[in-house]
Amino acid sequence: MPTSLKMISTRWDDPQGHTLARYRETGGYEAIRKAMTMEPDAVIEEVKAANLLGRGGAGFPCGTKWGFLPKDVFPRYLVVNGDESEPGTFKDRLLVERDPHQLIEGVLIASWAIRAKQAFIYVRGEMALAHERLAAALNEAYAAGLVGRNIMGTDWSLDVVFHFGAGAYIVGEETALIESLEGNRGMPRLKPPFFPASKGLYMQPTVVNNVETLANLPWIINNGAAAFTTIGDAKACGTRLFALSGHVNKPGVYEVDFGTTTFRELFESPEYGNGIRMGRSIKAWIPGGASAPWFFEEHLDMALHPGPVGAAGSMLGSGAIVVMDDQTDMVRAAWRLVKFFAKESCGKCSPCREGTNWLEKIYRRILDGHGRPEDIDLLMDVADNISPGLTWPPKQTTICPLGPSAASPLVSTVRRFRDEYEAYIRKVA
Amino acid sequence: MARLNTANTERARELMGHYPRARSAMIPMCHLAQEQDGYLTDEAMEHIAELIGCTPAEVYGTASFYEMFKFHPVGKYVVGVCTNISCLLVGGEELLAHCEEKLGIRTGGTTADGMFTLEEMECLAACTRAPCLQVNYRYFENITHDQADALIDDLSAGKRTNDVPPHGTLSRIRQSIPADRRASRDSI
Amino acid sequence: MSDATTPEPPPKTTLTVTIDGRATEADPGELLIAHAEKVGTYIPRFCWHPRMREVGMCRMCLVEVDGPRGPSLQPACMLPVNEGMKVVTDSPTVKKAQDGVLEFLLVNHPLDCPVCDKGGECPLQDQTLSFGPGESRFVEEKRHYEKPISISDLVLLDRERCILCDRCTRFSKEVAGDPLIHFVNRGNRTEVNTFPDDPFSSYFSGNVVQICPVGALTASPYRFTARPWDLDQVESTCTSCAVGCRVVLQSSGDRVTRTQGVDSDAVNWGWLCDKGRFDFENIGSVDRLTNPKVRKAAGVAAQDATWFEALERAASVLRNTPAEQVGVIGGARLTNEDAYAWAKLLKGMLRIDNVDAQLGDGLSAQFIVGTPQATIGDIAGASAVILLSPDVKEELPVLFLRIRDAAHNKRVPMVELAPKATGLSRYVRQSLVYRSGEAGVAARALVAAVAGTPADRQIAGVEADLINSAAATISNALTSGKGNGNVVLVVGRTSLAETAQSIEDAAHVLLDAPFGASKKVLHACRRSNVRGAIDMGLAPGMLPGRVSLAQGLDWFSTEWGAVPMLPGKDTAAMLRAAANGELKALVLLGADPLTDFPDHVIAEAAFAAVPNIVAIDLFDTPSTDRASVVLPASGYAEKSGTVTNLEGRVSLATAKVSGPGVARPDWMIAVELANRLGHDLGFESVEDITAEIARVAPAYLTMTAATAGGNGALTPIAGAIDAANESLAATTAAEPDAHGTTSDVAEGGDTRLDDDADSVESVESVESPSVRTVPPLVTAAAPTLAVSVPQPDSYSLRLVVGHVLYDDGTLVSHSPSLAKLAPGDGLHLHPGEIERHGLSRGGQVNVVSQRTAVMLTVVENEAVARGSAFVPFGQVGGAAAALLDADELQASGIVKIRLETVAE
Ligand SMILES: Cc1cc2nc3c(=O)[nH]c(=O)nc-3n(C[C@H](O)[C@H](O)[C@H](O)COP(=O)(O)O)c2cc1C
Ligand code: SF4
Ligand code: FES
């Protein structure tokens, strides 16, 4: 089994990896120096050529997204999405805590490329250490002339502002992130018309990128797009961070080659998961965060590649893989995620606000032993009214995908483990 | 309680200066107020509204959207136990129940001495080191019941204050942009 | 800086949109939901409101729209139409989605329709009955909140019924600019609420009740007063102020129980202010005058009398008093028909010209009718707007909404000139708060700065920088290419402690300034139908239809038989003359000078001296108490007719209920009096009068009830005067005998046969006095200012007096829900002045003017400039009118006061 190349987690094990000194010793801030010798559009072309897929969940090609900015409309903004709250997801926090300068350099490269007037790094509120590391790194970078006025003595200037949230999962959705950054309730805007590229922060063209996406930029600029595309699969290149949690022997955040590593390798390889706990077998897993439909043993040999995973009816999303062994109570596990979505609904759309909470109440009734036989179909139909057809990718009666996401664990478990639901209900009867 | 004190008012003004529009500083300013008083007081929200130039209802309406803002006094230490999926699978709920017992309060409650508030948290992004809890948003990962007890005992005894500042304090390092380093800004 | 936010000019052509298989023509930029409704397909909705930004929250309007990846469900309220769009609104998918949304909205909605105010007119209830699922599948416990909580003095909120459509909250922020209600908490726990102890005290709070799609918001003035299905309704025009909002009046059992706004594109967009919405309470008030009253002897109170007795008595006063010794004050409460009837009686029959609908609180009638007229709608299209007006938010609230919309949402550049900051100050680019009395100085400085001579020092109390940046605003606005290049001036009496001449002078300076493609004036006239009354001739020197006495002499002599010989006095002059014994009779047409004339001392002296007072009114007032004859009139909602708003728009006011007792419409009283005085006004109905106005009042030619219907029509009707002149000329030519001059013209024409035919005609028509032409409309001339304002000193403050929305006036004081909202007397001072004088907020201070002293509470008010003091007019206690010395104002252009601290 090939050992994956480390591209973005190289300094994680270094206790001083977060300092400017160490970052520079290990080649830091060379990529931005190089990028600044290139035309901004050339940087965009390079990133396009690297086929860097967004790491925030939707997996949209980064360069293409930058290309959507309407020509000649300024000011433009870069907003970095570090709100990481998708259950099971755990990577952006480490990238900020352990290698903040790599992120800052990525921000500089992206800002140069898109000719942003200002950049904002929005970090989830509950991450105090990440705040401290990032604030310190930015202070260092400002003092060293790497950020702010006349960057590296040139006439390019850019402010990078550290911003932090206050606890709301939905704010990770890019338009909600923008609302929140404007000082409002983090409620998503409808796309269209509010695509950030044209009507984003302060209604100006805006790029929203995930932390991990940007953390790849220094490597790409230093080594070139061509080198990047040789790693992983041609359609899903580079490496990706996967947070492997749940019932494996060795949970962890692993940087693996994108598109080639399989689920089985990830779960079983001693380098990664090292097998299911207590020698049990696997019952199900979530391949890409709480919003993703679940996978089962028939998917074990599938590569961690958005193509096949999508075709099989799920997604790699935010790279959160949660493994459940054969002892896991599927109804309870699904309930916990539905409860999460119900609690985190922003409240804007009636189907999500009312529907997810209704689902959660039905679940609780079933778990409390007051389930009725018709409740299983009711669950499915209420979910269907949030996500018509219960298909993948989901259709939605809502503005954003949060509401429909609540259907994923529900539908996955009802379809596969209906008997477990029935067992709860039978206990009553 | 209180409006922002002089130093924090200065800091609030500095924060507003970080953004093209002052209102963008709303959440960081609310955190600042919460750091000062342990929770977000009505007076502080009124003060923030004044500084930003909006109504207190807009500050309250915005702040109350977010989980971390408290509108009533909470414990000096807010203990948050994650029970979301990754933690649930490896004992998050049990850990929460244990903390309830240890602290003698129900989830959502505050101990009589005002030292601890216990909360159930959504995924904290420490999934690979579940179960986990936070005290004032500082992580304690892969934590056993005994370790949780020891932590609570330490905090009660006034130890570990370096690791865990009082509730409300997030980053103890502030981003400051020196005037001579700031990229020139013209208005939007 | 980019123009990313300015919409590109829409392409000219229409688009084809297919709705349920039917091809329809749509305008670019239209939202699908609005377009579909226009072509007859109603898409259900809760959150969408045509006058507010779409939010797409409720998800009720989901329809299937064809896209590259097949049909998908999309909210029709968020979707602009585009070419070739294919929409299905009735497929099973759509039906299921909509039913699903409805079910979601109902899961936490209480089933208390039978006791809900909205029951019977509730969109949620209606949708449920027509589309919704029958049995509820929701067996869980519903969300619970404390039942209705007061969010203001007028509005209650039941959070359990709320469906979180964001209408009220959007309204408060986007439309009213008072974001005092807000979504609070998140997700399923989201609720609408205020900040603790900070109520939704907005002048516009009633609108949220009207636009709430469920019964979550209710208004205390009509909670539980009637069930919707018992209500009977008519459309009418609000006359609480001169904006002229369109309303529906709803009644139950001959009582008006509710007023709702109607969406008139030209005027109010569906909004009303709370005064206009809730002062219906006075209509059925128990305090209304129900019977005529006659004073039998000096010193005793007037007693109930018959109409016969009372009219006889009133007629004898008029019969026995020479025209120049009669003064007639008031008329703003009248409809145009009432006003015309009175004008015809007074001016045409009795030749009285001491007639004034204003009470010394406005600008001259000549200025109001004689300046180029802007419409409310012109504001949003203008390149720049200059405000020289009282606080529009306090006096003309819905006009405030429209101006605010233009300034805030449409970014029309505005500059304000005012003696005190106003509700619009925060929306204008620059607010030049000048020292009271020095409007003209400030205006000249501004105009000079625009013309290239920047201010180099403080002028009229305004810093040079501010004047220069205001000038830059105007210059930039006019060169930006945005708007139509025109400038709109909003002009009104900025303060009662500043003369009308001063404001008119400043306005003329602006009007004559060398910038702007054209300049028009929107008149901030305040009192209900005052504009209509002036247009009908109830102003000194004026005749109906905006013509002057001099120029209308021939025309009205022909129509009426006579007109007054000389221009009469305005209200101030009448009161002064009365006080000097020069007037022997006063007729009050719904006027209460003892309360409303700015100077109580003069008003009191007049009332003390004048032997005969005839009052026609709705209520007993301090002024009617002094009358020898009191005639009860029917009021708003009790009579029909037309009214004219401040932009000269005529619309219908409609009767809904019967008046109290034996009260009669004012026109009828005029007819009765005319009869007793031996005249016949020549009409028997309101319709007769409307028709006569349309025939004889130049600016109102062809203004029939039909023309004024719906959302009204602007005067003068385009082309009407020219058409009348043409037909008059034709009639004259065709009927030589009637005028006996046609042959002369022909002869004269013959002598100049070799001249150009056109010029022959025009010369002749001028030369020939016998060809009737419609008299020209008045053009205002700049006043000559006689006074020079004294230098400011540090001992005194300049008084500024203005109205606030809720006062002790007749209508508010008889509307219990509103009366309690009047702020009361007080001396409003800048915090710096409070410090300087060593005063305490809320403490008492002795306010000394040239002629009197009053004790007032100190109110901190940042809107008041240093060196000034503001006292609201017409509050209980009447301090403003006690302090406001009209003689001093006339002599020096300002009113000075001093403060004396009182020992605690
Ligand atoms: C409910 C919801 C939550 C999301 N949370 C996150 C998040 O925490 N972090 C993130 O980067 N993207 C999140 N996303 C995805 C963002 O909307 C957006 O696609 C992403 O930040 C784009 O960055 P990328 O193109 O670099 O991946 C979320 C999306 C949804 C619908
Ligand atoms: S789907 Fe849910 S979270 Fe997303 S916008 Fe709608 S209510 Fe908010
Ligand atoms: S009317 Fe369109 S979403 Fe509410």
# chains A, B, ... in the order shown; residues from 1 in each chain; ligands from 1

call {"tool": "interface_residues", "arguments": {"of": "chain B", "to": "chain A", "cutoff": "7 Å", "atoms": "only C-alpha atoms", "output": "VMD selection string"}}
result
chain B and resid 18 23 to 28 62 65 to 69 84 to 86 89 to 90 122 to 128 137 to 138 170 to 176 181 to 183

call {"tool": "interface_residues", "arguments": {"of": "chain A", "to": "chain C", "cutoff": "9 Å", "atoms": "only C-alpha atoms", "output": "NGL selection string"}}
result
:A and (72-75 or 185 or 189-190 or 192-193 or 198-199 or 203-205 or 342-358 or 361-362 or 365 or 378 or 382 or 384-386 or 388 or 395-399)

call {"tool": "residues_near_ligand", "arguments": {"ligand": "ligand 1", "cutoff": "6 Å", "atoms": "only C-alpha atoms and all ligand atoms", "output": "PyMOL selection string"}}
result
chain A and resi 54-60+62+81-86+170+172-174+208-210+213+400-402

call {"tool": "interface_residues", "arguments": {"of": "chain B", "to": "chain C", "cutoff": "6 Å", "atoms": "only C-alpha atoms", "output": "JSON, numbers by chain"}}
result
{"B": [57, 61, 64, 65]}

call {"tool": "write_last_selection", "arguments": {"atoms": "C-alpha atoms", "output": "tab-separated table (two decimals), in the first residue's frame"}}
result
chain	number	residue	atom	x	y	z
B	57	ALA	CA	-32.81	45.02	18.83
B	61	GLY	CA	-31.45	39.69	17.27
B	64	SER	CA	-29.16	35.47	19.92
B	65	PHE	CA	-28.77	33.56	16.67

call {"tool": "residues_around", "arguments": {"residues": "Ile231 in chain A", "least_positions_apart": "6", "cutoff": "9 Å", "atoms": "only C-alpha atoms", "output": "JSON, numbers by chain"}}
result
{"A": [4, 5, 237, 238, 239, 257, 258]}

call {"tool": "residues_around", "arguments": {"residues": "Ala148 in chain B", "least_positions_apart": "6", "cutoff": "10 Å", "atoms": "only C-alpha atoms", "output": "list in words"}}
result
Leu95, His98, Cys99, Lys102, Cys132, Leu133, Phe140 and Asp154 of chain B

call {"tool": "write_last_selection", "arguments": {"atoms": "N, CA and C atoms", "output": "short mmCIF file (atom, residue, chain, number, x, y, z; two decimals), in the first residue's frame"}}
result
data_model
loop_
_atom_site.label_atom_id
_atom_site.label_comp_id
_atom_site.auth_asym_id
_atom_site.auth_seq_id
_atom_site.Cartn_x
_atom_site.Cartn_y
_atom_site.Cartn_z
N LEU B 95 -20.47 10.44 29.08
CA LEU B 95 -19.61 11.47 29.66
C LEU B 95 -20.45 12.65 30.16
N HIS B 98 -22.17 11.68 33.26
CA HIS B 98 -21.20 11.66 34.35
C HIS B 98 -20.94 13.08 34.87
N CYS B 99 -20.80 14.01 33.95
CA CYS B 99 -20.55 15.39 34.38
C CYS B 99 -21.74 15.95 35.15
N LYS B 102 -21.33 14.56 38.54
CA LYS B 102 -20.17 15.14 39.23
C LYS B 102 -20.48 16.56 39.70
N CYS B 132 -14.98 14.01 23.79
CA CYS B 132 -14.26 15.21 24.15
C CYS B 132 -15.18 16.21 24.81
N LEU B 133 -14.56 17.11 25.54
CA LEU B 133 -15.34 18.21 26.09
C LEU B 133 -14.51 19.47 25.99
N PHE B 140 -10.52 19.35 25.80
CA PHE B 140 -10.02 18.23 26.58
C PHE B 140 -10.51 16.99 25.85
N ASP B 154 -9.72 20.26 39.69
CA ASP B 154 -8.66 21.26 39.54
C ASP B 154 -9.24 22.65 39.37
#

call {"tool": "select_by_dssp", "arguments": {"residues": "range 153-238 of chain A", "states": "alpha helix (DSSP H)", "output": "ChimeraX atom specification"}}
result
/A:174-181,196-199,211-215,217-229

call {"tool": "residues_around", "arguments": {"residues": "Val286 in chain C", "least_positions_apart": "6", "cutoff": "10 Å", "atoms": "only C-alpha atoms", "output": "list in words"}}
result
Phe619, Pro660 and His814 of chain C

call {"tool": "select_by_dssp", "arguments": {"residues": "range 31-183 of chain B", "states": "strand (DSSP E or B)", "output": "PyMOL selection string"}}
result
chain B and resi 77-82+110+116-121+133-135+138-140

call {"tool": "residues_around", "arguments": {"residues": "Glu647 in chain C", "least_positions_apart": "3", "cutoff": "10 Å", "atoms": "only C-alpha atoms", "output": "list in words"}}
result
Ala242, Val243, Gly244, Val267, Ile368, Val369, Gln373, Ala374, Thr375, Ile376, Gly377, Val521, Leu522, His523, Ala524, Cys525, Arg531, Thr644, Val650, Leu714 and Thr715 of chain C

call {"tool": "write_last_selection", "arguments": {"atoms": "all heavy atoms", "output": "short mmCIF file (atom, residue, chain, number, x, y, z; two decimals), in the first residue's frame"}}
result
data_model
loop_
_atom_site.label_atom_id
_atom_site.label_comp_id
_atom_site.auth_asym_id
_atom_site.auth_seq_id
_atom_site.Cartn_x
_atom_site.Cartn_y
_atom_site.Cartn_z
N ALA C 242 -51.94 65.95 4.76
CA ALA C 242 -52.11 66.31 3.37
C ALA C 242 -51.47 65.36 2.37
O ALA C 242 -51.47 65.61 1.19
CB ALA C 242 -51.59 67.72 3.14
N VAL C 243 -50.94 64.23 2.86
CA VAL C 243 -50.33 63.28 1.93
C VAL C 243 -51.40 62.62 1.07
O VAL C 243 -51.20 62.34 -0.11
CB VAL C 243 -49.48 62.22 2.68
CG1 VAL C 243 -48.97 61.16 1.71
CG2 VAL C 243 -48.32 62.89 3.39
N GLY C 244 -52.56 62.36 1.70
CA GLY C 244 -53.66 61.79 0.93
C GLY C 244 -53.53 60.31 0.65
O GLY C 244 -53.74 59.84 -0.47
N VAL C 267 -48.95 57.28 -4.35
CA VAL C 267 -48.91 57.92 -3.04
C VAL C 267 -48.36 57.01 -1.93
O VAL C 267 -47.21 57.14 -1.54
CB VAL C 267 -50.30 58.47 -2.65
CG1 VAL C 267 -50.23 59.16 -1.30
CG2 VAL C 267 -50.80 59.45 -3.70
N ILE C 368 -47.79 78.35 -2.62
CA ILE C 368 -48.15 76.93 -2.69
C ILE C 368 -48.71 76.57 -4.06
O ILE C 368 -48.37 75.54 -4.63
CB ILE C 368 -49.15 76.58 -1.57
CG1 ILE C 368 -48.45 76.68 -0.21
CG2 ILE C 368 -49.75 75.20 -1.77
CD1 ILE C 368 -49.36 76.56 0.98
N VAL C 369 -49.58 77.42 -4.59
CA VAL C 369 -50.15 77.05 -5.89
C VAL C 369 -49.34 77.60 -7.05
O VAL C 369 -49.51 77.16 -8.18
CB VAL C 369 -51.62 77.50 -6.03
CG1 VAL C 369 -52.47 76.91 -4.93
CG2 VAL C 369 -51.74 79.01 -6.06
N GLN C 373 -45.13 72.39 -9.77
CA GLN C 373 -45.55 71.35 -8.84
C GLN C 373 -44.81 70.03 -9.08
O GLN C 373 -44.87 69.46 -10.16
CB GLN C 373 -47.06 71.12 -9.03
CG GLN C 373 -47.63 69.98 -8.25
CD GLN C 373 -47.69 70.30 -6.77
OE1 GLN C 373 -48.30 71.31 -6.38
NE2 GLN C 373 -47.07 69.48 -5.95
N ALA C 374 -44.13 69.53 -8.06
CA ALA C 374 -43.54 68.20 -8.14
C ALA C 374 -44.51 67.19 -7.55
O ALA C 374 -45.33 67.52 -6.69
CB ALA C 374 -42.22 68.16 -7.36
N THR C 375 -44.40 65.95 -7.99
CA THR C 375 -45.20 64.90 -7.38
C THR C 375 -44.32 64.12 -6.40
O THR C 375 -43.09 64.24 -6.41
CB THR C 375 -45.71 63.90 -8.44
OG1 THR C 375 -44.57 63.27 -9.02
CG2 THR C 375 -46.52 64.60 -9.50
N ILE C 376 -44.97 63.31 -5.59
CA ILE C 376 -44.21 62.47 -4.66
C ILE C 376 -43.29 61.54 -5.45
O ILE C 376 -42.13 61.35 -5.12
CB ILE C 376 -45.18 61.65 -3.77
CG1 ILE C 376 -46.05 62.59 -2.95
CG2 ILE C 376 -44.41 60.68 -2.89
CD1 ILE C 376 -47.15 61.89 -2.16
N GLY C 377 -43.84 61.02 -6.53
CA GLY C 377 -43.06 60.10 -7.35
C GLY C 377 -41.84 60.75 -7.99
O GLY C 377 -40.86 60.07 -8.30
N VAL C 521 -41.36 71.96 -7.03
CA VAL C 521 -41.54 72.03 -5.59
C VAL C 521 -42.61 71.05 -5.15
O VAL C 521 -43.70 71.02 -5.72
CB VAL C 521 -41.94 73.46 -5.15
CG1 VAL C 521 -42.12 73.50 -3.64
CG2 VAL C 521 -40.90 74.47 -5.60
N LEU C 522 -42.27 70.27 -4.16
CA LEU C 522 -43.29 69.46 -3.50
C LEU C 522 -43.60 70.18 -2.20
O LEU C 522 -42.70 70.43 -1.39
CB LEU C 522 -42.76 68.06 -3.22
CG LEU C 522 -43.80 67.10 -2.65
CD1 LEU C 522 -44.92 66.85 -3.65
CD2 LEU C 522 -43.16 65.77 -2.27
N HIS C 523 -44.87 70.54 -2.04
CA HIS C 523 -45.22 71.37 -0.90
C HIS C 523 -45.55 70.55 0.33
O HIS C 523 -46.45 69.72 0.29
CB HIS C 523 -46.40 72.27 -1.26
CG HIS C 523 -46.01 73.32 -2.23
ND1 HIS C 523 -45.26 74.41 -1.86
CD2 HIS C 523 -46.18 73.42 -3.58
CE1 HIS C 523 -45.02 75.15 -2.93
NE2 HIS C 523 -45.56 74.56 -3.99
N ALA C 524 -44.82 70.80 1.37
CA ALA C 524 -45.06 70.08 2.62
C ALA C 524 -46.19 70.76 3.38
O ALA C 524 -46.02 71.21 4.51
CB ALA C 524 -43.79 70.01 3.44
N CYS C 525 -47.36 70.86 2.72
CA CYS C 525 -48.54 71.40 3.42
C CYS C 525 -48.93 70.35 4.45
O CYS C 525 -48.82 69.16 4.19
CB CYS C 525 -49.74 71.54 2.52
SG CYS C 525 -49.47 72.33 0.97
N ARG C 531 -54.64 71.77 0.99
CA ARG C 531 -54.31 72.04 -0.40
C ARG C 531 -55.59 72.20 -1.23
O ARG C 531 -55.72 73.09 -2.07
CB ARG C 531 -53.45 70.90 -0.94
CG ARG C 531 -53.01 71.06 -2.37
CD ARG C 531 -52.09 72.25 -2.47
NE ARG C 531 -52.11 72.82 -3.82
CZ ARG C 531 -51.20 72.56 -4.74
NH1 ARG C 531 -50.19 71.77 -4.49
NH2 ARG C 531 -51.29 73.12 -5.93
N THR C 644 -57.76 67.02 -2.25
CA THR C 644 -56.54 67.24 -3.03
C THR C 644 -55.35 67.12 -2.10
O THR C 644 -55.32 67.76 -1.04
CB THR C 644 -56.56 68.64 -3.66
OG1 THR C 644 -57.77 68.78 -4.41
CG2 THR C 644 -55.37 68.84 -4.59
N VAL C 650 -56.01 64.81 -6.95
CA VAL C 650 -57.40 64.79 -6.48
C VAL C 650 -57.86 63.34 -6.38
O VAL C 650 -57.66 62.56 -7.31
CB VAL C 650 -58.31 65.57 -7.44
CG1 VAL C 650 -59.75 65.58 -6.93
CG2 VAL C 650 -57.79 66.99 -7.60
N LEU C 714 -53.85 63.93 -11.12
CA LEU C 714 -53.15 65.17 -10.84
C LEU C 714 -53.84 66.35 -11.50
O LEU C 714 -54.33 66.24 -12.61
CB LEU C 714 -51.72 65.08 -11.39
CG LEU C 714 -50.72 64.31 -10.55
CD1 LEU C 714 -49.41 64.20 -11.31
CD2 LEU C 714 -50.50 65.00 -9.20
N THR C 715 -53.81 67.47 -10.78
CA THR C 715 -54.30 68.72 -11.36
C THR C 715 -53.10 69.55 -11.80
O THR C 715 -52.05 69.45 -11.17
CB THR C 715 -55.09 69.52 -10.34
OG1 THR C 715 -54.32 69.60 -9.14
CG2 THR C 715 -56.42 68.89 -10.07
#

call {"tool": "residues_around", "arguments": {"residues": "range 38-42 of chain B", "least_positions_apart": "6", "cutoff": "6 Å", "atoms": "only C-alpha atoms", "output": "PyMOL selection string"}}
result
chain B and resi 70-71+73+167-168

call {"tool": "write_last_selection", "arguments": {"atoms": "N, CA and C atoms", "output": "PDB file, in the first residue's frame"}}
result
ATOM      1  N   LYS B  70     -24.451  34.371  25.744  1.00  0.00           N
ATOM      2  CA  LYS B  70     -25.328  34.092  26.880  1.00  0.00           C
ATOM      3  C   LYS B  70     -25.940  35.417  27.318  1.00  0.00           C
ATOM      4  N   PHE B  71     -27.216  35.367  27.621  1.00  0.00           N
ATOM      5  CA  PHE B  71     -27.901  36.599  28.001  1.00  0.00           C
ATOM      6  C   PHE B  71     -28.220  36.645  29.493  1.00  0.00           C
ATOM      7  N   PRO B  73     -26.262  35.416  33.411  1.00  0.00           N
ATOM      8  CA  PRO B  73     -24.974  34.982  33.959  1.00  0.00           C
ATOM      9  C   PRO B  73     -24.826  33.468  33.846  1.00  0.00           C
ATOM     10  N   HIS B 167     -14.963  32.330  31.618  1.00  0.00           N
ATOM     11  CA  HIS B 167     -15.885  32.283  30.474  1.00  0.00           C
ATOM     12  C   HIS B 167     -15.990  33.643  29.794  1.00  0.00           C
ATOM     13  N   GLY B 168     -15.969  33.615  28.493  1.00  0.00           N
ATOM     14  CA  GLY B 168     -16.052  34.846  27.715  1.00  0.00           C
ATOM     15  C   GLY B 168     -14.758  35.153  27.008  1.00  0.00           C
TER      16      GLY B 168
END

call {"tool": "atom_distance", "arguments": {"atom1": "CA of Gly70 in chain C", "atom2": "CA of Ile19 in chain C"}}
result
15.8 Å

call {"tool": "atom_distance", "arguments": {"atom1": "CA of Leu566 in chain C", "atom2": "CA of Asp353 in chain C"}}
result
7.4 Å

call {"tool": "atom_distance", "arguments": {"atom1": "CA of Arg227 in chain C", "atom2": "CA of Asp126 in chain C"}}
result
15.3 Å

call {"tool": "decode", "arguments": {"residues": "range 439-448 of chain C", "atoms": "N, CA, C and O atoms", "output": "short mmCIF file (atom, residue, chain, number, x, y, z; two decimals), in the first residue's frame"}}
result
data_model
loop_
_atom_site.label_atom_id
_atom_site.label_comp_id
_atom_site.auth_asym_id
_atom_site.auth_seq_id
_atom_site.Cartn_x
_atom_site.Cartn_y
_atom_site.Cartn_z
N ALA C 439 -32.79 81.10 6.97
CA ALA C 439 -32.89 80.14 5.87
C ALA C 439 -32.36 80.73 4.58
O ALA C 439 -31.63 80.07 3.82
N GLY C 440 -32.71 81.98 4.33
CA GLY C 440 -32.30 82.62 3.07
C GLY C 440 -30.79 82.76 2.99
O GLY C 440 -30.19 82.56 1.92
N VAL C 441 -30.18 83.09 4.11
CA VAL C 441 -28.72 83.24 4.14
C VAL C 441 -28.08 81.89 3.81
O VAL C 441 -27.16 81.79 2.99
N ALA C 442 -28.60 80.86 4.45
CA ALA C 442 -28.04 79.52 4.24
C ALA C 442 -28.24 79.10 2.79
O ALA C 442 -27.33 78.56 2.15
N ALA C 443 -29.44 79.36 2.26
CA ALA C 443 -29.72 78.95 0.88
C ALA C 443 -28.81 79.68 -0.09
O ALA C 443 -28.29 79.09 -1.05
N ARG C 444 -28.58 80.98 0.16
CA ARG C 444 -27.69 81.74 -0.74
C ARG C 444 -26.27 81.19 -0.68
O ARG C 444 -25.59 81.08 -1.71
N ALA C 445 -25.83 80.83 0.51
CA ALA C 445 -24.48 80.29 0.63
C ALA C 445 -24.37 78.97 -0.14
O ALA C 445 -23.37 78.72 -0.81
N LEU C 446 -25.40 78.17 -0.04
CA LEU C 446 -25.38 76.88 -0.73
C LEU C 446 -25.34 77.09 -2.24
O LEU C 446 -24.55 76.47 -2.96
N VAL C 447 -26.21 77.97 -2.70
CA VAL C 447 -26.29 78.20 -4.14
C VAL C 447 -24.95 78.78 -4.65
O VAL C 447 -24.44 78.37 -5.69
N ALA C 448 -24.37 79.69 -3.86
CA ALA C 448 -23.09 80.27 -4.27
C ALA C 448 -22.03 79.19 -4.35
O ALA C 448 -21.23 79.15 -5.29
#
